[in-house]
Each structure stands twice: as C-alpha cells, then as structure tokens.
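Structure below is run.cif: mmCIF, C-alpha atoms and all ligand atoms.
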```
data_run
loop_
_atom_site.label_atom_id
_atom_site.label_comp_id
_atom_site.auth_asym_id
_atom_site.auth_seq_id
_atom_site.Cartn_x
_atom_site.Cartn_y
_atom_site.Cartn_z
CA MET A 1 -28.03 -11.14 29.29
CA LYS A 2 -24.43 -11.02 30.41
CA ILE A 3 -22.81 -7.61 29.91
CA LYS A 4 -19.78 -7.90 27.68
CA LYS A 5 -16.49 -6.31 28.63
CA ARG A 6 -15.28 -3.75 26.12
CA VAL A 7 -11.90 -3.77 24.44
CA LEU A 8 -10.18 -0.89 22.64
CA GLN A 9 -6.93 -0.93 20.77
CA GLY A 10 -5.34 1.39 18.22
CA MET A 11 -2.08 1.32 16.30
CA ARG A 12 -0.48 4.32 14.70
CA PRO A 13 -0.65 4.55 10.89
CA THR A 14 2.80 3.51 9.90
CA GLY A 15 1.80 1.79 6.72
CA ARG A 16 2.91 -1.69 7.59
CA LEU A 17 2.73 -3.73 10.75
CA HIS A 18 5.85 -5.51 11.95
CA LEU A 19 6.37 -8.69 13.96
CA GLY A 20 6.34 -6.73 17.23
CA ASN A 21 2.91 -5.27 16.47
CA TYR A 22 1.64 -8.64 15.34
CA LEU A 23 2.89 -10.85 18.17
CA GLY A 24 2.68 -8.17 20.87
CA THR A 25 -0.77 -6.87 19.98
CA ALA A 26 -2.63 -8.05 16.86
CA LYS A 27 -2.73 -11.70 18.00
CA GLY A 28 -4.31 -10.56 21.28
CA MET A 29 -6.81 -8.41 19.36
CA VAL A 30 -7.96 -11.42 17.37
CA ALA A 31 -8.17 -13.62 20.49
CA LEU A 32 -10.42 -11.09 22.26
CA GLN A 33 -12.57 -10.65 19.16
CA GLU A 34 -13.23 -14.39 19.16
CA ASP A 35 -14.06 -14.46 22.88
CA PRO A 36 -17.83 -14.10 23.43
CA ASP A 37 -17.21 -12.27 26.73
CA TYR A 38 -15.82 -9.24 24.89
CA GLU A 39 -17.07 -6.48 22.60
CA THR A 40 -14.16 -5.20 20.51
CA TYR A 41 -13.39 -1.71 19.16
CA TYR A 42 -10.28 -1.50 16.99
CA MET A 43 -9.09 1.75 15.47
CA VAL A 44 -6.09 3.14 13.66
CA ALA A 45 -4.66 5.92 15.83
CA ASP A 46 -4.07 8.42 13.04
CA LEU A 47 -4.36 11.42 15.39
CA HIS A 48 -1.55 9.86 17.41
CA GLY A 49 0.35 9.64 14.12
CA MET A 50 0.41 13.45 14.19
CA THR A 51 2.36 13.60 17.46
CA THR A 52 5.65 13.09 15.59
CA PRO A 53 6.55 14.41 12.10
CA PHE A 54 4.17 13.01 9.46
CA ASP A 55 3.36 13.44 5.77
CA PRO A 56 -0.17 14.80 5.10
CA LYS A 57 -0.04 13.27 1.61
CA LYS A 58 0.45 9.80 3.08
CA ILE A 59 -1.27 9.65 6.45
CA TYR A 60 -4.68 8.54 5.13
CA GLN A 61 -3.33 5.84 2.81
CA ASP A 62 -1.06 4.63 5.59
CA ALA A 63 -4.05 4.41 7.93
CA LEU A 64 -5.98 2.35 5.36
CA SER A 65 -2.95 0.15 5.02
CA VAL A 66 -3.03 -0.63 8.75
CA VAL A 67 -6.74 -1.45 8.44
CA THR A 68 -5.79 -3.83 5.61
CA ASP A 69 -3.16 -5.43 7.85
CA TYR A 70 -5.74 -5.74 10.65
CA LEU A 71 -8.11 -7.57 8.32
CA ALA A 72 -5.28 -9.73 6.97
CA CYS A 73 -4.35 -10.71 10.55
CA GLY A 74 -7.89 -11.93 11.17
CA LEU A 75 -9.93 -8.98 12.42
CA ASP A 76 -13.50 -9.40 11.28
CA PRO A 77 -15.79 -6.36 10.74
CA GLU A 78 -18.80 -8.53 11.57
CA LYS A 79 -17.39 -9.04 15.06
CA SER A 80 -15.32 -5.90 15.72
CA ALA A 81 -15.95 -2.21 15.07
CA ILE A 82 -12.96 -1.21 12.91
CA PHE A 83 -12.42 2.50 12.22
CA LEU A 84 -9.99 5.43 12.08
CA GLN A 85 -9.58 7.61 15.16
CA SER A 86 -9.88 10.72 12.94
CA GLN A 87 -13.40 9.70 11.91
CA LEU A 88 -14.32 10.46 15.52
CA ALA A 89 -11.78 13.25 16.04
CA ASP A 90 -14.51 15.60 17.33
CA LEU A 91 -15.38 13.27 20.20
CA HIS A 92 -12.00 11.71 21.07
CA THR A 93 -10.16 15.05 21.21
CA GLN A 94 -13.03 16.63 23.10
CA LEU A 95 -12.78 14.02 25.84
CA ALA A 96 -8.97 14.37 25.84
CA PHE A 97 -9.44 18.07 26.55
CA TYR A 98 -11.69 17.39 29.54
CA PHE A 99 -9.20 14.79 30.79
CA SER A 100 -6.28 17.22 30.42
CA SER A 101 -7.82 19.23 33.26
CA VAL A 102 -7.16 16.45 35.80
CA ILE A 103 -3.53 15.58 35.01
CA THR A 104 -0.41 17.71 35.31
CA VAL A 105 2.20 18.72 32.74
CA ALA A 106 4.94 17.38 35.04
CA ARG A 107 3.34 13.91 35.08
CA MET A 108 3.42 13.83 31.28
CA GLN A 109 6.98 15.13 31.02
CA HIS A 110 8.29 12.40 33.28
CA LEU A 111 6.95 9.48 31.26
CA PRO A 112 9.70 7.29 29.76
CA THR A 113 7.85 7.20 26.43
CA PHE A 114 7.88 11.01 26.25
CA LYS A 115 11.56 11.20 27.12
CA GLU A 116 12.38 8.64 24.43
CA LYS A 117 10.52 10.62 21.76
CA VAL A 118 12.23 13.84 22.88
CA LYS A 119 15.55 12.12 22.17
CA GLN A 120 14.35 10.92 18.75
CA HIS A 121 12.81 14.23 17.64
CA PRO A 122 14.48 16.98 19.71
CA ASP A 123 13.20 19.72 17.37
CA ASN A 124 9.61 18.53 17.47
CA ILE A 125 8.47 18.46 21.05
CA THR A 126 4.92 19.56 20.40
CA MET A 127 1.87 19.93 22.61
CA ALA A 128 0.40 17.02 20.64
CA LEU A 129 3.32 14.81 21.74
CA LEU A 130 2.97 15.84 25.39
CA ASN A 131 -0.74 15.13 25.16
CA TYR A 132 -0.27 11.67 23.60
CA PRO A 133 -1.15 9.66 26.76
CA VAL A 134 -4.18 11.87 27.53
CA LEU A 135 -5.58 11.25 24.06
CA MET A 136 -4.90 7.55 24.52
CA ALA A 137 -6.84 7.62 27.80
CA ALA A 138 -9.72 9.31 25.95
CA ASP A 139 -9.61 6.67 23.17
CA ILE A 140 -9.96 3.90 25.74
CA LEU A 141 -12.35 5.49 28.22
CA ILE A 142 -14.73 6.97 25.64
CA TYR A 143 -15.81 3.34 25.06
CA LYS A 144 -15.49 2.54 28.79
CA ALA A 145 -13.14 -0.23 27.71
CA SER A 146 -11.75 -2.34 30.53
CA MET A 147 -9.28 -4.36 28.47
CA VAL A 148 -6.53 -3.13 26.15
CA PRO A 149 -4.28 -5.56 24.24
CA VAL A 150 -1.02 -3.58 24.21
CA GLY A 151 2.69 -4.36 24.28
CA LEU A 152 4.82 -3.84 27.36
CA ASP A 153 6.05 -0.46 26.06
CA GLN A 154 2.58 0.99 26.60
CA GLU A 155 2.34 0.11 30.30
CA PRO A 156 3.20 3.66 31.53
CA HIS A 157 0.36 4.99 29.36
CA MET A 158 -2.03 2.42 30.82
CA GLU A 159 -1.10 3.68 34.28
CA VAL A 160 -1.94 7.26 33.19
CA THR A 161 -5.28 6.03 31.84
CA ARG A 162 -6.14 4.40 35.17
CA GLU A 163 -5.08 7.51 37.04
CA ILE A 164 -7.31 9.72 34.87
CA ALA A 165 -10.23 7.31 35.34
CA ARG A 166 -9.77 7.41 39.14
CA LYS A 167 -9.52 11.20 39.22
CA MET A 168 -12.53 11.73 36.98
CA ASN A 169 -14.58 9.28 39.04
CA ALA A 170 -13.53 10.92 42.32
CA GLU A 171 -14.04 14.52 41.19
CA TYR A 172 -17.02 14.24 38.87
CA GLU A 173 -18.68 10.96 39.83
CA THR A 174 -18.22 9.43 36.41
CA ASP A 175 -18.09 5.63 36.15
CA PHE A 176 -14.97 5.00 34.11
CA PRO A 177 -13.38 1.54 34.51
CA GLU A 178 -9.68 1.22 35.34
CA PRO A 179 -8.59 -0.66 32.24
CA GLN A 180 -6.10 -3.51 32.31
CA SER A 181 -3.63 -4.66 29.67
CA PHE A 182 -4.39 -7.93 27.97
CA LYS A 183 -1.11 -9.77 28.21
CA THR A 184 -0.08 -11.81 25.20
CA LYS A 185 2.74 -14.30 25.74
CA THR A 186 4.90 -12.15 23.49
CA ARG A 187 4.53 -8.67 24.90
CA TYR A 188 8.09 -7.67 24.13
CA ILE A 189 9.60 -8.48 20.75
CA PRO A 190 13.27 -7.52 20.62
CA SER A 191 15.04 -5.61 17.85
CA LEU A 192 16.94 -7.47 15.13
CA LEU A 193 19.85 -5.17 15.86
CA GLY A 194 20.53 -6.70 19.26
CA GLU A 195 19.49 -3.76 21.43
CA GLY A 196 16.07 -2.51 22.52
CA LYS A 197 12.69 -3.42 21.08
CA MET A 198 11.61 -4.04 17.52
CA SER A 199 10.37 -0.64 16.37
CA LYS A 200 9.43 0.87 13.04
CA SER A 201 11.22 4.06 14.00
CA VAL A 202 14.53 2.18 14.10
CA GLU A 203 15.61 1.13 10.60
CA GLY A 204 16.83 -2.47 10.45
CA SER A 205 15.19 -3.41 13.76
CA TYR A 206 12.01 -4.92 12.34
CA ILE A 207 10.49 -7.47 9.95
CA ASN A 208 7.25 -6.39 8.30
CA LEU A 209 4.39 -8.84 7.93
CA THR A 210 4.62 -8.43 4.16
CA ASP A 211 8.39 -8.82 3.76
CA ASP A 212 9.47 -11.40 1.18
CA LEU A 213 11.92 -14.18 1.98
CA GLU A 214 14.90 -12.33 0.53
CA THR A 215 14.17 -9.22 2.63
CA ILE A 216 13.76 -11.29 5.80
CA ARG A 217 17.08 -13.03 5.04
CA LYS A 218 18.85 -9.71 4.49
CA LYS A 219 17.43 -8.24 7.69
CA LEU A 220 18.43 -11.26 9.76
CA ALA A 221 21.89 -11.18 8.21
CA GLN A 222 22.45 -7.86 9.97
CA THR A 223 21.78 -9.22 13.46
CA PRO A 224 25.07 -9.05 15.37
CA THR A 225 26.43 -12.41 16.54
CA ASP A 226 29.58 -13.80 18.15
CA SER A 227 31.91 -16.76 17.56
CA GLY A 228 29.00 -19.17 18.11
CA LYS A 229 30.27 -20.81 21.26
CA GLY A 230 30.95 -20.04 24.87
CA GLU A 231 30.51 -21.26 28.41
CA THR A 232 27.07 -19.77 28.92
CA VAL A 233 24.34 -18.83 26.47
CA PRO A 234 23.98 -15.01 26.22
CA THR A 235 20.86 -13.56 27.84
CA SER A 236 20.95 -10.21 26.05
CA GLY A 237 22.13 -8.82 22.73
CA GLY A 238 21.94 -10.17 19.17
CA VAL A 239 22.43 -13.88 19.93
CA ALA A 240 19.86 -13.86 22.74
CA ASN A 241 17.39 -12.12 20.42
CA LEU A 242 17.99 -14.63 17.62
CA LEU A 243 17.26 -17.45 20.07
CA THR A 244 14.03 -15.71 21.09
CA PHE A 245 12.97 -15.65 17.44
CA VAL A 246 13.97 -19.31 17.02
CA GLU A 247 11.73 -20.18 19.97
CA LEU A 248 8.83 -18.10 18.63
CA PHE A 249 8.93 -19.46 15.09
CA GLN A 250 10.64 -22.84 15.32
CA GLY A 251 9.73 -23.93 18.82
CA GLN A 252 11.23 -24.54 22.22
CA GLU A 253 13.02 -27.73 21.13
CA LYS A 254 14.91 -26.03 18.34
CA ARG A 255 16.01 -23.37 20.75
CA ALA A 256 17.24 -26.02 23.21
CA ASP A 257 19.20 -27.62 20.33
CA TYR A 258 20.97 -24.37 19.55
CA GLU A 259 21.66 -23.70 23.22
CA LYS A 260 23.33 -27.11 23.50
CA LYS A 261 25.42 -26.34 20.44
CA TYR A 262 26.46 -23.00 21.89
CA THR A 263 28.06 -24.61 24.90
CA GLY A 264 29.31 -27.55 22.80
CA SER A 265 30.40 -27.75 19.16
CA GLY A 266 29.24 -24.20 18.33
CA ILE A 267 26.40 -22.59 16.34
CA ARG A 268 26.80 -21.79 12.64
CA TYR A 269 24.83 -18.57 12.42
CA SER A 270 24.46 -18.66 8.64
CA GLU A 271 22.52 -21.93 9.00
CA LEU A 272 20.50 -20.66 11.95
CA LYS A 273 19.55 -17.48 10.10
CA THR A 274 18.56 -19.31 6.89
CA GLY A 275 16.31 -21.72 8.80
CA LEU A 276 14.81 -18.92 10.85
CA ALA A 277 14.11 -16.72 7.80
CA GLU A 278 12.24 -19.59 6.16
CA ALA A 279 10.23 -20.32 9.32
CA ILE A 280 9.20 -16.67 9.71
CA TYR A 281 8.29 -16.39 6.03
CA LYS A 282 6.16 -19.53 6.21
CA ASP A 283 4.39 -18.44 9.40
CA LEU A 284 3.35 -15.16 7.77
CA GLU A 285 2.10 -16.80 4.58
CA PRO A 286 -1.66 -16.77 5.40
CA ILE A 287 -1.44 -13.06 6.31
CA ARG A 288 0.34 -12.24 3.05
CA GLU A 289 -2.23 -14.18 1.02
CA LYS A 290 -5.18 -12.49 2.71
CA ARG A 291 -3.55 -9.08 2.27
CA LYS A 292 -3.15 -9.65 -1.46
CA GLU A 293 -6.87 -10.43 -1.73
CA LEU A 294 -7.75 -7.27 0.19
CA GLU A 295 -5.44 -5.06 -1.86
CA ALA A 296 -7.52 -5.98 -4.90
CA LYS A 297 -10.66 -4.47 -3.31
CA PRO A 298 -9.78 -1.14 -1.64
CA GLU A 299 -13.45 -0.06 -1.63
CA TYR A 300 -14.18 -2.91 0.78
CA VAL A 301 -11.67 -1.46 3.26
CA THR A 302 -13.35 1.98 3.17
CA GLN A 303 -16.75 0.36 3.65
CA VAL A 304 -15.42 -1.43 6.73
CA ILE A 305 -14.27 1.79 8.40
CA LYS A 306 -17.46 3.68 7.52
CA ALA A 307 -19.60 1.03 9.20
CA GLY A 308 -17.15 0.74 12.11
CA ALA A 309 -17.23 4.49 12.78
CA VAL A 310 -21.03 4.52 12.85
CA ARG A 311 -21.01 1.84 15.55
CA ALA A 312 -18.29 3.54 17.56
CA ARG A 313 -19.94 6.97 17.39
CA ILE A 314 -23.10 5.85 19.18
CA LEU A 315 -21.15 4.81 22.24
CA ALA A 316 -18.63 7.68 22.11
CA GLN A 317 -21.34 10.33 21.92
CA LYS A 318 -23.10 8.82 24.94
CA THR A 319 -19.92 9.11 27.02
CA ILE A 320 -19.31 12.71 25.91
CA ASP A 321 -22.87 13.70 26.87
CA GLU A 322 -22.43 12.07 30.28
CA VAL A 323 -19.08 13.73 30.95
CA LYS A 324 -20.30 17.19 29.88
CA GLU A 325 -23.27 16.86 32.16
CA LYS A 326 -21.17 15.67 35.12
CA MET A 327 -18.57 18.40 34.59
CA GLY A 328 -21.31 21.01 34.59
CA LEU A 329 -21.23 21.84 30.86
CA LYS A 330 -24.96 21.66 30.35
CA GLY A 331 -25.24 24.09 27.45
CA GLY A 332 -25.81 22.33 24.15
CA LEU A 333 -26.89 19.04 25.69
P1 LIG B 1 2.82 1.45 17.70
O1 LIG B 1 3.15 0.99 16.35
O2 LIG B 1 4.00 1.96 18.46
O3 LIG B 1 1.62 2.35 17.72
O4 LIG B 1 2.42 0.14 18.49
C1 LIG B 1 1.27 -0.59 18.19
C2 LIG B 1 1.15 -1.75 19.15
O5 LIG B 1 2.22 -2.68 18.94
C3 LIG B 1 1.23 -1.32 20.61
O6 LIG B 1 0.28 -2.06 21.35
C4 LIG B 1 2.62 -1.70 21.03
O7 LIG B 1 2.68 -2.00 22.39
C5 LIG B 1 2.88 -2.94 20.17
N1 LIG B 1 4.31 -3.11 19.91
C6 LIG B 1 5.11 -2.27 19.20
N2 LIG B 1 6.38 -2.72 19.17
C7 LIG B 1 6.40 -3.88 19.90
C8 LIG B 1 7.40 -4.84 20.24
N3 LIG B 1 8.66 -4.70 19.84
N4 LIG B 1 7.05 -5.89 21.01
C9 LIG B 1 5.76 -6.06 21.43
N5 LIG B 1 4.77 -5.20 21.14
C10 LIG B 1 5.07 -4.13 20.39
#
```

Show the structure stored in the file as structure tokens.
Ligand code: AMP
Amino acid sequence: MKIKKRVLQGMRPTGRLHLGNYLGTAKGMVALQEDPDYETYYMVADLHGMTTPFDPKKIYQDALSVVTDYLACGLDPEKSAIFLQSQLADLHTQLAFYFSSVITVARMQHLPTFKEKVKQHPDNITMALLNYPVLMAADILIYKASMVPVGLDQEPHMEVTREIARKMNAEYETDFPEPQSFKTKTRYIPSLLGEGKMSKSVEGSYINLTDDLETIRKKLAQTPTDSGKGETVPTSGGVANLLTFVELFQGQEKRADYEKKYTGSGIRYSELKTGLAEAIYKDLEPIREKRKELEAKPEYVTQVIKAGAVRARILAQKTIDEVKEKMGLKGGL
C-alpha cells in the first residue's frame, strides 16, 4: 500500500472566516482532502488564539464557529480529522517545549510576523506570542505532516518549522519531514482598504464568508479609488485590489474589459462595485446555505471534533513517545 503524505492546517478561532482565509487556505484544504495521496488533519488553532488578547467567554464558541465554517467550505469528517488544538494541548505544547530547546530567542524576535504583532499589541508582547512559531512547528511535526496549505504570510513560520525539523533530526536522530507549503493560486488576498493583506485584525479590510449582499456592498464602497482613468492601470492600491477581486470573482475577461476602460473612456466605480458585490455574494451562496444547515445542529459539530481528536491523538502520542525516547527522557515511557 502506498504511504499517504500527511497534511496539517489550523486557523485561529476568530469566529468567522474571511475571503483571504477561504481563497488562500480553505480551498487548498478541501483540494488536499479530496486527493487520495494525502491524509488530512485540520484543527482550529485555539491555543494560538491565546497569543494575542482574547476573551475566555468567547474562545470556545469562536473555535466551534471556525469548525462550522470548515464544514461549510467542504471539509468532510469522514475524510479529514477535524479537531481543536486545545483538545490535544497536553501533547502539542509538550512537543513545542522540546522544540524550544533547539531554536533561539533572537531567531523568534526577528520574524516579520512577530514584529508586526508587536506593533499591533505593544502592551501584550507575551512569551506565548514569541513562542507562536514554535507551537506551529509542533502542530505540524507532531503529525509528521509534509504539506501545509497556508497563505503567503505564513512562509517565515514554515521556514522556522523546517529549521526545527532539521535541527531535531541532526541532534536527536528523529525523522521529521521538512514540510512544504501547498500553494493555492490565491495565496495573497489584498485588503479592501487598498493597503496590505485582507486581515480580520484590520477593520474594514475583509469580507466574511457569511456577509450579506448589503454588507459586502458597504465594505466595497469603502475601497479607495481614483478618477477612473489614466495612462496606465495601477498595480498597487485600491484600484489594483478591486481589479484583483474582479478577476477572482468575475473572470479574466471582465478584468481585461475594465483595464481597457481605464486607459480609454474611464471606469465608473459605482457600477464596478455593484457588479463585484453581486458576484462575490453569489459565489459564497453554497457556503452560506451549508452553514445555515449546520447552525441548526450544533451537537453534530461537537461530535465531529470529538471523533477528530481521538484520531489525531493516536498519532500525536506516538510522536511524543518517540521524541522523549530520543531526547533521553525515558522516565514515564
Ligand atoms: P489566520 O486567520 O491568520 O490564522 O490565518 C488562517 C489562514 O488563512 C492562514 O493559512 C493564512 O495564511 C491564511 N490567510 C489569512 N489572510 C490571508 C490573505 N489575506 N490572503 C491569503 N491567505 C490568507
């Protein structure tokens, strides 16, 4: 029998997925789940949700909400193990601790993702935040996953994961793979505000998968534009981002149409935004419908994660036992 390659992915519990999560990651997760060459482990990274300020009254419900979004996007518990990271907190954090002995504080402090969070939450630079990439490495390597469907923003963390795998293998003769990112065509979804990426931590930058037409319209209305014409089509900023969305949801031809108008008679942005809002809303319709069905049966969602965690634990425990043994921690094995 052919050995399947393992896949791990986890999103933080932010309640609702946005277009960036969906196009950058969830679509890739579904594609790998459907590929018979892969065995897929999909979690909600609720421990990672604790690396920036969070509400203990909401974190669990928010995590379940991401599971609901996963299922609505097409993840299938018959094919993928779907669970919460905190259900295996004992094992994931344990491995993260072992890993933290082979990577330096300076390496973590220099990561662009860390620096960005320091800017966003200057009063909350916790050990948990510094340790974020080490825990992510543990999440991936505890399943010996070799493929991770992540957006471009996670590439520095993937590099840390590979570095930890190499160091562990060299120092302790473990057999961790050096995992690669699974690249979707849409690894970078820009912000609606014209600068940077679509991100749930930047209000107004994102469209949620469950937004209604009116909300999508209002959000698009805020995208900065220009006079609608010029000698060359902008390659960055609000107009460039709008054209990216046109291409994603209305196709390459529609984009070419608008580009022609830009250098000719001019684009009327109110028309462009109305058409685009409708196209996005329509594209997300099956996800919204499925989500509604799932919301009516919350007990199903908890059953899914219970079964998923049982599957994941078997593999995770095996890795922990191996690592303890190789690192010389033989007591308790
Ligand atoms: P997060 O919500 O930051 O935990 O991200 C969950 C997943 O969505 C990660 O794989 C990210 O790389 C991906 N993601 C987040 N924002 C974007 C974006 N704007 N474009 C593409 N992928 C994204």

With the cut-off set at 8 Å and counting only C-alpha atoms and all ligand atoms, tabulate each residue of chain A with an atom at most that distance from an atom of ligand LIG 1 (chain B), showing the nearest atom pair and its distance in Å to one decimal, ordered by chain and increasing number, as CSV.
```
residue,atom,partner,partner_atom,distance
A:Gln9,CA,B:LIG1,O6,7.3
A:Gly10,CA,B:LIG1,C1,6.9
A:Met11,CA,B:LIG1,O3,4.1
A:Arg12,CA,B:LIG1,O3,4.2
A:Pro13,CA,B:LIG1,O3,7.5
A:Thr14,CA,B:LIG1,O1,6.9
A:Leu17,CA,B:LIG1,O1,7.3
A:His18,CA,B:LIG1,N2,7.8
A:Leu19,CA,B:LIG1,C8,7.4
A:Gly20,CA,B:LIG1,C8,3.7
A:Asn21,CA,B:LIG1,O5,3.6
A:Tyr22,CA,B:LIG1,O5,7.0
A:Leu23,CA,B:LIG1,C9,6.5
A:Gly24,CA,B:LIG1,N5,3.6
A:Thr25,CA,B:LIG1,O6,5.1
A:Ala26,CA,B:LIG1,O5,7.5
A:Ala45,CA,B:LIG1,O3,7.5
A:Pro149,CA,B:LIG1,O6,6.4
A:Val150,CA,B:LIG1,O6,3.5
A:Gly151,CA,B:LIG1,O7,3.0
A:Leu152,CA,B:LIG1,O7,5.7
A:Asp153,CA,B:LIG1,O7,5.2
A:Gln154,CA,B:LIG1,O7,5.2
A:Thr186,CA,B:LIG1,C9,6.5
A:Arg187,CA,B:LIG1,C9,4.5
A:Tyr188,CA,B:LIG1,N4,3.7
A:Ile189,CA,B:LIG1,N4,3.6
A:Pro190,CA,B:LIG1,N3,5.5
A:Ser191,CA,B:LIG1,N3,6.7
A:Lys197,CA,B:LIG1,N3,4.4
A:Met198,CA,B:LIG1,N3,3.8
A:Ser199,CA,B:LIG1,N2,5.3
A:Lys200,CA,B:LIG1,O1,7.1
```

May I have the protein, DNA and RNA residues with an atom at most 9 Å from (2.8, 16.0, 24.9), counting only C-alpha atoms in the file's coordinates, returned as a list in words?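 Looking at atoms near the point gives Thr51, Val105, Met108, Gln109, Phe114, Ile125, Thr126, Met127, Ala128, Leu129, Leu130, Asn131, Tyr132, Pro133 and Val134 of chain A.
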
Find the residues near Asp46 (chain A): any atom within 8 Å, counting only C-alpha atoms, skip ones fewer than 6 places away on the same chain, and give them as a VMD selection string. chain A and resid 12 to 13 59 to 60 63 84 to 86

For a test of reading the model, state the distance in Å between CA of Lys79 (chain A) and CA of Ala145 (chain A), rounded to one decimal.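 So the answer is 16.0 Å.
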
Neighbouring residues of Asp283 (chain A) were defined as those with any atom within 12 Å, considering all atoms listed in the file; residues of the same chain fewer than 4 positions away were excluded. Please report them as a ChimeraX atom specification. /A:19,22-23,73,209-213,248-250,276-279,287-289

Counting all atoms listed in the file, which residue out of A:Lys4, A:Leu32, A:Leu242, A:Ile164 sits closest to Gly275 (chain A)?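 The closest residue to Gly275 (chain A) is A:Leu242.
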
What are the centre and edge lengths in Å, to one decimal, of the axis-aligned box around all listed atoms of region 290-293 of chain A with 4 Å added on each side, as JSON?
```
{"center_x": -5.0, "center_y": -10.8, "center_z": 0.5, "size_x": 11.7, "size_y": 11.4, "size_z": 12.4}
```

What gap, in Å, lies between CA of Glu39 (chain A) and CA of Ala138 (chain A)?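 Pair CA of Glu39 (chain A) / CA of Ala138 (chain A) returns 17.7 Å.
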
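The interatomic distance for the pair CA of Leu294 (chain A) and CA of His48 (chain A) works out to 25.1 Å.
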
Which of these residues is nearest to Gly266 (chain A), using all atoms listed in the file: A:Gly194, A:Gly228, A:Pro112, A:Pro36? A:Gly228

Would you mind listing what lies within 10 Å of Leu220 (chain A) as an MDAnalysis selection string, with only C-alpha atoms counted and same-chain residues fewer than 6 positions away left out? chainID A and resid 192:193 204:207 214 242 270 272:274 276:277

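Each of A:Val66, A:Ile280, A:Leu75, A:Ile3 was compared to Met29 (chain A) using all atoms listed in the file, and A:Leu75 turns out to be the nearest.
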
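Nearest to Val44 (chain A) of all the residues A:Val239, A:Ala309, A:Lys326, A:His157 is A:Ala309, based on all atoms listed in the file.
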
Which residues, written as an mmCIF file with C-alpha atoms, keeping the file's coordinate frame, have at least one atom at most 9 Å from Tyr98 (chain A), with only C-alpha atoms counted and residues fewer than 5 positions away on the same chain left out?
```
data_model
loop_
_atom_site.group_PDB
_atom_site.id
_atom_site.type_symbol
_atom_site.label_atom_id
_atom_site.label_comp_id
_atom_site.auth_asym_id
_atom_site.auth_seq_id
_atom_site.Cartn_x
_atom_site.Cartn_y
_atom_site.Cartn_z
ATOM 1 C CA THR A 93 -10.160 15.050 21.210
ATOM 2 C CA VAL A 323 -19.080 13.730 30.950
ATOM 3 C CA LYS A 324 -20.300 17.190 29.880
ATOM 4 C CA MET A 327 -18.570 18.400 34.590
#
```

Which one is closest to Arg311 (chain A): A:Met43, A:Leu333, A:Ala221, A:Ile216? Count only C-alpha atoms.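 Among the listed residues, A:Met43 lies closest to Arg311 (chain A).
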